[in-house]
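Trainee: input25.cif is reproduced below (mmCIF, N, CA and C atoms and all ligand atoms).
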```cif
data_coords
#
loop_
_atom_site.label_atom_id
_atom_site.label_comp_id
_atom_site.auth_asym_id
_atom_site.auth_seq_id
_atom_site.Cartn_x
_atom_site.Cartn_y
_atom_site.Cartn_z
N MET I 774 -7.87 -4.47 -5.55
CA MET I 774 -6.64 -4.23 -6.31
C MET I 774 -6.56 -5.21 -7.47
N ILE I 775 -6.61 -4.76 -8.67
CA ILE I 775 -6.66 -5.61 -9.86
C ILE I 775 -7.72 -6.70 -9.69
N GLY I 776 -8.87 -6.32 -9.21
CA GLY I 776 -9.98 -7.27 -9.08
C GLY I 776 -9.95 -8.14 -7.84
N LYS I 777 -8.88 -8.09 -7.07
CA LYS I 777 -8.80 -8.90 -5.85
C LYS I 777 -9.17 -8.03 -4.64
N PRO I 778 -9.98 -8.59 -3.73
CA PRO I 778 -10.35 -7.80 -2.55
C PRO I 778 -9.20 -7.66 -1.55
N TRP I 779 -8.94 -6.45 -1.16
CA TRP I 779 -7.96 -6.15 -0.11
C TRP I 779 -8.69 -5.42 1.01
N THR I 780 -8.13 -5.49 2.20
CA THR I 780 -8.71 -4.71 3.29
C THR I 780 -7.65 -3.78 3.85
N VAL I 781 -8.13 -2.67 4.40
CA VAL I 781 -7.27 -1.70 5.08
C VAL I 781 -7.67 -1.69 6.53
N ARG I 782 -6.71 -1.87 7.42
CA ARG I 782 -7.00 -1.82 8.86
C ARG I 782 -6.22 -0.68 9.50
N PHE I 783 -6.92 0.11 10.27
CA PHE I 783 -6.28 1.18 11.03
C PHE I 783 -6.03 0.70 12.45
N TYR I 784 -4.83 0.96 12.96
CA TYR I 784 -4.47 0.58 14.33
C TYR I 784 -4.22 1.83 15.17
N PRO I 785 -4.57 1.76 16.46
CA PRO I 785 -4.15 2.86 17.33
C PRO I 785 -2.64 3.04 17.20
N LYS I 786 -2.17 4.29 17.20
CA LYS I 786 -0.77 4.58 16.91
C LYS I 786 0.20 3.78 17.79
N LYS I 787 -0.10 3.69 19.10
CA LYS I 787 0.79 3.00 20.03
C LYS I 787 0.88 1.50 19.70
N LYS I 788 -0.28 0.91 19.43
CA LYS I 788 -0.32 -0.53 19.11
C LYS I 788 0.44 -0.80 17.80
N PHE I 789 0.25 0.11 16.83
CA PHE I 789 0.92 -0.05 15.55
C PHE I 789 2.44 0.02 15.73
N ALA I 790 2.89 1.00 16.53
CA ALA I 790 4.33 1.18 16.76
C ALA I 790 4.94 -0.01 17.48
N GLN I 791 4.16 -0.63 18.37
CA GLN I 791 4.65 -1.83 19.08
C GLN I 791 4.75 -3.02 18.13
N LYS I 792 3.74 -3.14 17.28
CA LYS I 792 3.67 -4.28 16.35
C LYS I 792 4.66 -4.13 15.19
N TYR I 793 4.80 -2.91 14.70
CA TYR I 793 5.65 -2.67 13.54
C TYR I 793 6.59 -1.49 13.79
N PRO I 794 7.57 -1.69 14.68
CA PRO I 794 8.46 -0.57 15.02
C PRO I 794 9.24 -0.06 13.81
N GLY I 795 9.31 1.26 13.72
CA GLY I 795 10.12 1.88 12.66
C GLY I 795 9.45 1.92 11.30
N THR I 796 8.17 1.53 11.21
CA THR I 796 7.50 1.56 9.91
C THR I 796 6.33 2.55 9.95
N LEU I 797 6.01 3.09 8.79
CA LEU I 797 4.91 4.05 8.68
C LEU I 797 3.62 3.38 8.25
N GLY I 798 3.75 2.22 7.61
CA GLY I 798 2.61 1.45 7.13
C GLY I 798 3.11 0.07 6.75
N VAL I 799 2.19 -0.88 6.66
CA VAL I 799 2.59 -2.25 6.36
C VAL I 799 1.65 -2.85 5.31
N CYS I 800 2.21 -3.59 4.38
CA CYS I 800 1.43 -4.31 3.38
C CYS I 800 1.69 -5.80 3.56
N LEU I 801 0.65 -6.55 3.95
CA LEU I 801 0.78 -7.99 4.14
C LEU I 801 0.17 -8.68 2.92
N GLY I 802 1.01 -8.99 1.96
CA GLY I 802 0.54 -9.53 0.70
C GLY I 802 -0.23 -10.83 0.84
N TRP I 803 0.25 -11.74 1.70
CA TRP I 803 -0.39 -13.05 1.83
C TRP I 803 -1.78 -12.93 2.47
N LYS I 804 -2.02 -11.81 3.18
CA LYS I 804 -3.33 -11.57 3.78
C LYS I 804 -4.16 -10.60 2.96
N ARG I 805 -3.54 -10.05 1.92
CA ARG I 805 -4.16 -8.98 1.13
C ARG I 805 -4.70 -7.89 2.07
N GLN I 806 -3.79 -7.42 2.92
CA GLN I 806 -4.18 -6.44 3.91
C GLN I 806 -3.12 -5.34 4.06
N ILE I 807 -3.59 -4.11 4.15
CA ILE I 807 -2.72 -2.97 4.43
C ILE I 807 -3.05 -2.49 5.83
N ARG I 808 -2.01 -2.31 6.63
CA ARG I 808 -2.21 -1.87 8.01
C ARG I 808 -1.56 -0.51 8.21
N LEU I 809 -2.34 0.39 8.80
CA LEU I 809 -1.89 1.77 8.95
C LEU I 809 -2.17 2.28 10.36
N PRO I 810 -1.34 3.21 10.84
CA PRO I 810 -1.61 3.80 12.16
C PRO I 810 -2.73 4.82 12.06
N LEU I 811 -3.47 4.95 13.16
CA LEU I 811 -4.61 5.88 13.17
C LEU I 811 -4.19 7.31 13.50
N ARG I 812 -2.90 7.50 13.79
CA ARG I 812 -2.37 8.84 14.01
C ARG I 812 -1.02 8.95 13.30
N GLY I 813 -0.72 10.15 12.79
CA GLY I 813 0.60 10.40 12.21
C GLY I 813 0.78 9.82 10.81
N LEU I 814 -0.32 9.43 10.18
CA LEU I 814 -0.21 8.87 8.84
C LEU I 814 -0.03 9.97 7.80
N LYS I 815 0.75 9.66 6.75
CA LYS I 815 0.90 10.59 5.64
C LYS I 815 0.21 9.99 4.41
N GLU I 816 -0.38 10.85 3.60
CA GLU I 816 -1.09 10.35 2.41
C GLU I 816 -0.12 9.61 1.50
N GLU I 817 1.13 10.07 1.46
CA GLU I 817 2.14 9.42 0.62
C GLU I 817 2.36 7.96 1.05
N THR I 818 2.25 7.71 2.36
CA THR I 818 2.42 6.34 2.87
C THR I 818 1.30 5.44 2.35
N VAL I 819 0.09 5.98 2.26
CA VAL I 819 -1.03 5.19 1.74
C VAL I 819 -0.73 4.76 0.31
N ALA I 820 -0.29 5.71 -0.52
CA ALA I 820 0.04 5.39 -1.91
C ALA I 820 1.20 4.40 -1.97
N HIS I 821 2.16 4.56 -1.06
CA HIS I 821 3.31 3.65 -1.00
C HIS I 821 2.86 2.21 -0.72
N GLU I 822 2.01 2.04 0.27
CA GLU I 822 1.54 0.69 0.61
C GLU I 822 0.66 0.11 -0.49
N LEU I 823 -0.12 0.95 -1.15
CA LEU I 823 -0.92 0.48 -2.28
C LEU I 823 -0.01 -0.01 -3.41
N THR I 824 1.13 0.65 -3.57
CA THR I 824 2.08 0.21 -4.60
C THR I 824 2.63 -1.17 -4.26
N HIS I 825 2.93 -1.40 -2.97
CA HIS I 825 3.35 -2.74 -2.56
C HIS I 825 2.26 -3.76 -2.90
N ALA I 826 1.01 -3.41 -2.62
CA ALA I 826 -0.11 -4.31 -2.91
C ALA I 826 -0.19 -4.60 -4.41
N MET I 827 -0.02 -3.55 -5.20
CA MET I 827 -0.07 -3.71 -6.65
C MET I 827 1.05 -4.65 -7.13
N LEU I 828 2.25 -4.43 -6.62
CA LEU I 828 3.38 -5.29 -7.03
C LEU I 828 3.15 -6.73 -6.58
N HIS I 829 2.52 -6.89 -5.42
CA HIS I 829 2.20 -8.24 -4.95
C HIS I 829 1.25 -8.93 -5.94
N GLU I 830 0.21 -8.21 -6.36
CA GLU I 830 -0.76 -8.80 -7.29
C GLU I 830 -0.13 -9.07 -8.67
N MET I 831 0.89 -8.29 -9.01
CA MET I 831 1.55 -8.50 -10.30
C MET I 831 2.64 -9.58 -10.19
N CYS I 832 2.76 -10.18 -8.99
CA CYS I 832 3.69 -11.28 -8.74
C CYS I 832 5.16 -10.87 -8.89
N VAL I 833 5.46 -9.60 -8.81
CA VAL I 833 6.84 -9.14 -8.95
C VAL I 833 7.64 -9.44 -7.69
N THR I 834 6.93 -9.48 -6.54
CA THR I 834 7.66 -9.65 -5.29
C THR I 834 8.19 -11.07 -5.11
N SER I 835 7.77 -11.99 -5.96
CA SER I 835 8.22 -13.37 -5.79
C SER I 835 9.53 -13.64 -6.53
N THR I 836 10.12 -12.63 -7.12
CA THR I 836 11.39 -12.84 -7.82
C THR I 836 12.48 -11.99 -7.18
N ASP I 837 13.70 -12.48 -7.23
CA ASP I 837 14.82 -11.67 -6.75
C ASP I 837 15.85 -11.48 -7.86
N SER I 838 15.40 -11.75 -9.11
CA SER I 838 16.38 -11.68 -10.19
C SER I 838 15.95 -10.77 -11.33
N LEU I 839 15.05 -9.81 -11.06
CA LEU I 839 14.67 -8.87 -12.11
C LEU I 839 15.81 -7.87 -12.34
N ARG I 840 16.16 -7.65 -13.61
CA ARG I 840 17.16 -6.64 -13.92
C ARG I 840 16.53 -5.26 -13.75
N ARG I 841 17.34 -4.23 -13.55
CA ARG I 841 16.86 -2.87 -13.35
C ARG I 841 15.93 -2.45 -14.48
N GLU I 842 16.32 -2.75 -15.73
CA GLU I 842 15.51 -2.35 -16.89
C GLU I 842 14.14 -3.04 -16.87
N GLU I 843 14.14 -4.28 -16.44
CA GLU I 843 12.88 -5.02 -16.38
C GLU I 843 11.97 -4.45 -15.29
N LEU I 844 12.58 -4.15 -14.15
CA LEU I 844 11.82 -3.57 -13.06
C LEU I 844 11.24 -2.21 -13.47
N GLU I 845 12.04 -1.43 -14.19
CA GLU I 845 11.57 -0.13 -14.67
C GLU I 845 10.36 -0.31 -15.59
N GLU I 846 10.41 -1.29 -16.46
CA GLU I 846 9.28 -1.54 -17.36
C GLU I 846 8.03 -1.93 -16.57
N VAL I 847 8.21 -2.75 -15.56
CA VAL I 847 7.07 -3.16 -14.73
C VAL I 847 6.44 -1.94 -14.07
N PHE I 848 7.26 -1.06 -13.51
CA PHE I 848 6.73 0.14 -12.87
C PHE I 848 6.02 1.05 -13.87
N CYS I 849 6.64 1.25 -15.01
CA CYS I 849 6.02 2.13 -16.01
C CYS I 849 4.68 1.56 -16.47
N GLU I 850 4.63 0.26 -16.69
CA GLU I 850 3.41 -0.40 -17.11
C GLU I 850 2.34 -0.29 -16.02
N MET I 851 2.78 -0.51 -14.80
CA MET I 851 1.86 -0.45 -13.67
C MET I 851 1.23 0.94 -13.56
N TRP I 852 2.06 1.98 -13.65
CA TRP I 852 1.53 3.34 -13.51
C TRP I 852 0.66 3.71 -14.70
N ALA I 853 1.06 3.28 -15.89
CA ALA I 853 0.26 3.59 -17.08
C ALA I 853 -1.13 2.96 -16.97
N LYS I 854 -1.18 1.73 -16.47
CA LYS I 854 -2.46 1.03 -16.40
C LYS I 854 -3.27 1.37 -15.16
N PHE I 855 -2.61 1.52 -14.02
CA PHE I 855 -3.34 1.59 -12.76
C PHE I 855 -3.06 2.83 -11.92
N GLY I 856 -2.18 3.71 -12.38
CA GLY I 856 -1.77 4.86 -11.58
C GLY I 856 -2.92 5.72 -11.10
N VAL I 857 -3.82 6.08 -12.00
CA VAL I 857 -4.95 6.93 -11.62
C VAL I 857 -5.84 6.21 -10.60
N ASP I 858 -6.13 4.94 -10.87
CA ASP I 858 -6.96 4.17 -9.93
C ASP I 858 -6.30 4.08 -8.56
N MET I 859 -4.98 3.88 -8.55
CA MET I 859 -4.28 3.75 -7.27
C MET I 859 -4.34 5.04 -6.48
N LEU I 860 -4.14 6.17 -7.14
CA LEU I 860 -4.18 7.44 -6.43
C LEU I 860 -5.59 7.77 -5.95
N MET I 861 -6.60 7.39 -6.74
CA MET I 861 -7.98 7.60 -6.30
C MET I 861 -8.29 6.74 -5.08
N LEU I 862 -7.77 5.51 -5.09
CA LEU I 862 -7.95 4.61 -3.95
C LEU I 862 -7.22 5.16 -2.72
N ALA I 863 -6.00 5.65 -2.93
CA ALA I 863 -5.23 6.25 -1.83
C ALA I 863 -6.01 7.41 -1.24
N ASP I 864 -6.65 8.20 -2.09
CA ASP I 864 -7.42 9.34 -1.62
C ASP I 864 -8.63 8.89 -0.81
N GLN I 865 -9.28 7.80 -1.24
CA GLN I 865 -10.43 7.26 -0.48
C GLN I 865 -9.99 6.80 0.91
N ILE I 866 -8.84 6.09 0.96
CA ILE I 866 -8.32 5.60 2.25
C ILE I 866 -7.94 6.79 3.13
N TRP I 867 -7.31 7.80 2.52
CA TRP I 867 -6.91 9.00 3.24
C TRP I 867 -8.13 9.71 3.81
N THR I 868 -9.20 9.77 3.04
CA THR I 868 -10.45 10.40 3.50
C THR I 868 -11.03 9.63 4.69
N GLU I 869 -10.98 8.28 4.60
CA GLU I 869 -11.48 7.45 5.71
C GLU I 869 -10.62 7.66 6.96
N TYR I 870 -9.32 7.76 6.77
CA TYR I 870 -8.39 8.02 7.88
C TYR I 870 -8.75 9.33 8.57
N GLN I 871 -8.98 10.37 7.78
CA GLN I 871 -9.32 11.68 8.34
C GLN I 871 -10.68 11.64 9.05
N ARG I 872 -11.64 10.88 8.47
CA ARG I 872 -12.96 10.75 9.08
C ARG I 872 -12.85 10.10 10.46
N ARG I 873 -12.01 9.04 10.55
CA ARG I 873 -11.87 8.32 11.83
C ARG I 873 -11.13 9.15 12.88
N ARG I 874 -10.29 10.07 12.42
CA ARG I 874 -9.54 10.91 13.36
C ARG I 874 -10.41 12.02 13.92
N ALA I 875 -11.46 12.37 13.18
CA ALA I 875 -12.29 13.52 13.58
C ALA I 875 -13.09 13.22 14.85
ZN ZN X 901 7.72 -0.01 1.47
#
```
So that I can check it, write out the structure of this file as structure tokens.

Mentor:
Amino acid sequence: MIGKPWTVRFYPKKKFAQKYPGTLGVCLGWKRQIRLPLRGLKEETVAHELTHAMLHEMCVTSTDSLRREELEEVFCEMWAKFGVDMLMLADQIWTEYQRRRA
């Protein structure tokens, strides 16, 4: 993600639900790791967690005082620069998820 290595870990669905109740996926920025359940995953969740990873690398998550307009600019810039790459990456992860389920 933006040149930094991230890893994706798939967890058995039950273990994932115990570890992260009520969540569909998890992005651990300090570990540069995305954790996903091995069952019941949606492709949209993969893109969602990748967006968290992207925002982490852009250092946006370390502020709590961004105005709405500023946040909008960050998102627009992010999608303009990295949107295609992010969706291609989400598709690769989704393909790996489907391969492991087979
Ligand atoms: Zn989220």

Trainee: Could you give me, as a list in words, every polymer residue with an atom at most 12 Å away from an atom of ligand ZN 901 (chain X), counting only C-alpha atoms and all ligand atoms?

Mentor: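 With only C-alpha atoms and all ligand atoms and a cut-off of 12 Å, ligand ZN 901 (chain X) is contacted by Gly795, Thr796, Leu797, Gly798, Val799, Cys800, Leu801, Gly802, Ile807, Glu817, Thr818, Val819, Ala820, His821, Glu822, Leu823, Thr824, His825, Ala826, Met827, Leu828, His829 and Thr834 of chain I.
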
Trainee: Take the point (-5.1, -10.9, -1.7) in the file's coordinates, draw a sphere of radius 6 Å around it, and report as a VMD selection string every protein, DNA or RNA residue with an atom inside or on it, counting all atoms listed in the file.

Mentor: chain I and resid 777 to 779 802 to 806

Trainee: Please produce a file of those selected residues containing N, CA and C atoms, as an mmCIF file, in the frame of the given file.

Mentor:
```cif
data_model
loop_
_atom_site.group_PDB
_atom_site.id
_atom_site.type_symbol
_atom_site.label_atom_id
_atom_site.label_comp_id
_atom_site.auth_asym_id
_atom_site.auth_seq_id
_atom_site.Cartn_x
_atom_site.Cartn_y
_atom_site.Cartn_z
ATOM 1 N N LYS I 777 -8.880 -8.090 -7.070
ATOM 2 C CA LYS I 777 -8.800 -8.900 -5.850
ATOM 3 C C LYS I 777 -9.170 -8.030 -4.640
ATOM 4 N N PRO I 778 -9.980 -8.590 -3.730
ATOM 5 C CA PRO I 778 -10.350 -7.800 -2.550
ATOM 6 C C PRO I 778 -9.200 -7.660 -1.550
ATOM 7 N N TRP I 779 -8.940 -6.450 -1.160
ATOM 8 C CA TRP I 779 -7.960 -6.150 -0.110
ATOM 9 C C TRP I 779 -8.690 -5.420 1.010
ATOM 10 N N GLY I 802 1.010 -8.990 1.960
ATOM 11 C CA GLY I 802 0.540 -9.530 0.700
ATOM 12 C C GLY I 802 -0.230 -10.830 0.840
ATOM 13 N N TRP I 803 0.250 -11.740 1.700
ATOM 14 C CA TRP I 803 -0.390 -13.050 1.830
ATOM 15 C C TRP I 803 -1.780 -12.930 2.470
ATOM 16 N N LYS I 804 -2.020 -11.810 3.180
ATOM 17 C CA LYS I 804 -3.330 -11.570 3.780
ATOM 18 C C LYS I 804 -4.160 -10.600 2.960
ATOM 19 N N ARG I 805 -3.540 -10.050 1.920
ATOM 20 C CA ARG I 805 -4.160 -8.980 1.130
ATOM 21 C C ARG I 805 -4.700 -7.890 2.070
ATOM 22 N N GLN I 806 -3.790 -7.420 2.920
ATOM 23 C CA GLN I 806 -4.180 -6.440 3.910
ATOM 24 C C GLN I 806 -3.120 -5.340 4.060
#
```

Trainee: Rank nothing, just name the residue among I:Met774, I:Tyr793, I:Tyr870, I:Glu843 nearest to Asp858 of chain I, using only C-alpha atoms.

Mentor: I:Met774

Trainee: Could you please determine the separation between atom CA of Tyr784 of chain I and atom CA of Leu809 of chain I in Å, to one decimal place?

Mentor: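 The value is 6.1 Å.
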
Trainee: Could you check how far atom N of Arg782 of chain I sits from atom N of Asp837 of chain I, in Å to one decimal?

Mentor: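 Value for the atom N of Arg782 of chain I-atom N of Asp837 of chain I distance: 27.3 Å.
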
Trainee: In Å to one decimal, how far is atom N of Arg840 of chain I from atom C of Leu862 of chain I?

Mentor: 28.8 Å

Trainee: For Leu811 of chain I, which of I:Gly856, I:Thr780, I:Lys786, I:Cys832 is the closest residue, counting all atoms listed in the file?

Mentor: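 Among the listed residues, the smallest separation from Leu811 of chain I belongs to I:Lys786.
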
Trainee: I need the residue nearest Arg812 of chain I from this list: I:Pro785, I:Cys849, I:Arg872, I:Met859. Use all atoms listed in the file for the distance.

Mentor: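 Nearest candidate to Arg812 of chain I out of I:Pro785, I:Cys849, I:Arg872, I:Met859: I:Pro785.
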
Trainee: Could you give me, as a PyMOL selection string, each residue of chain I that DSSP assigns to strand (DSSP E) when run on this structure's backbone?

Mentor: chain I and resi 780-784+799-801+806-810

Trainee: Can you check which residues of chain I DSSP gives as alpha helix (DSSP H) on the backbone and send them as a ChimeraX atom specification?

Mentor: /I:786-792,816-830,841-874

Trainee: Which of these residues is nearest to Ala863 of chain I, using only C-alpha atoms: I:Glu816, I:Arg841, I:Met831, I:Ala875?

Mentor: I:Glu816
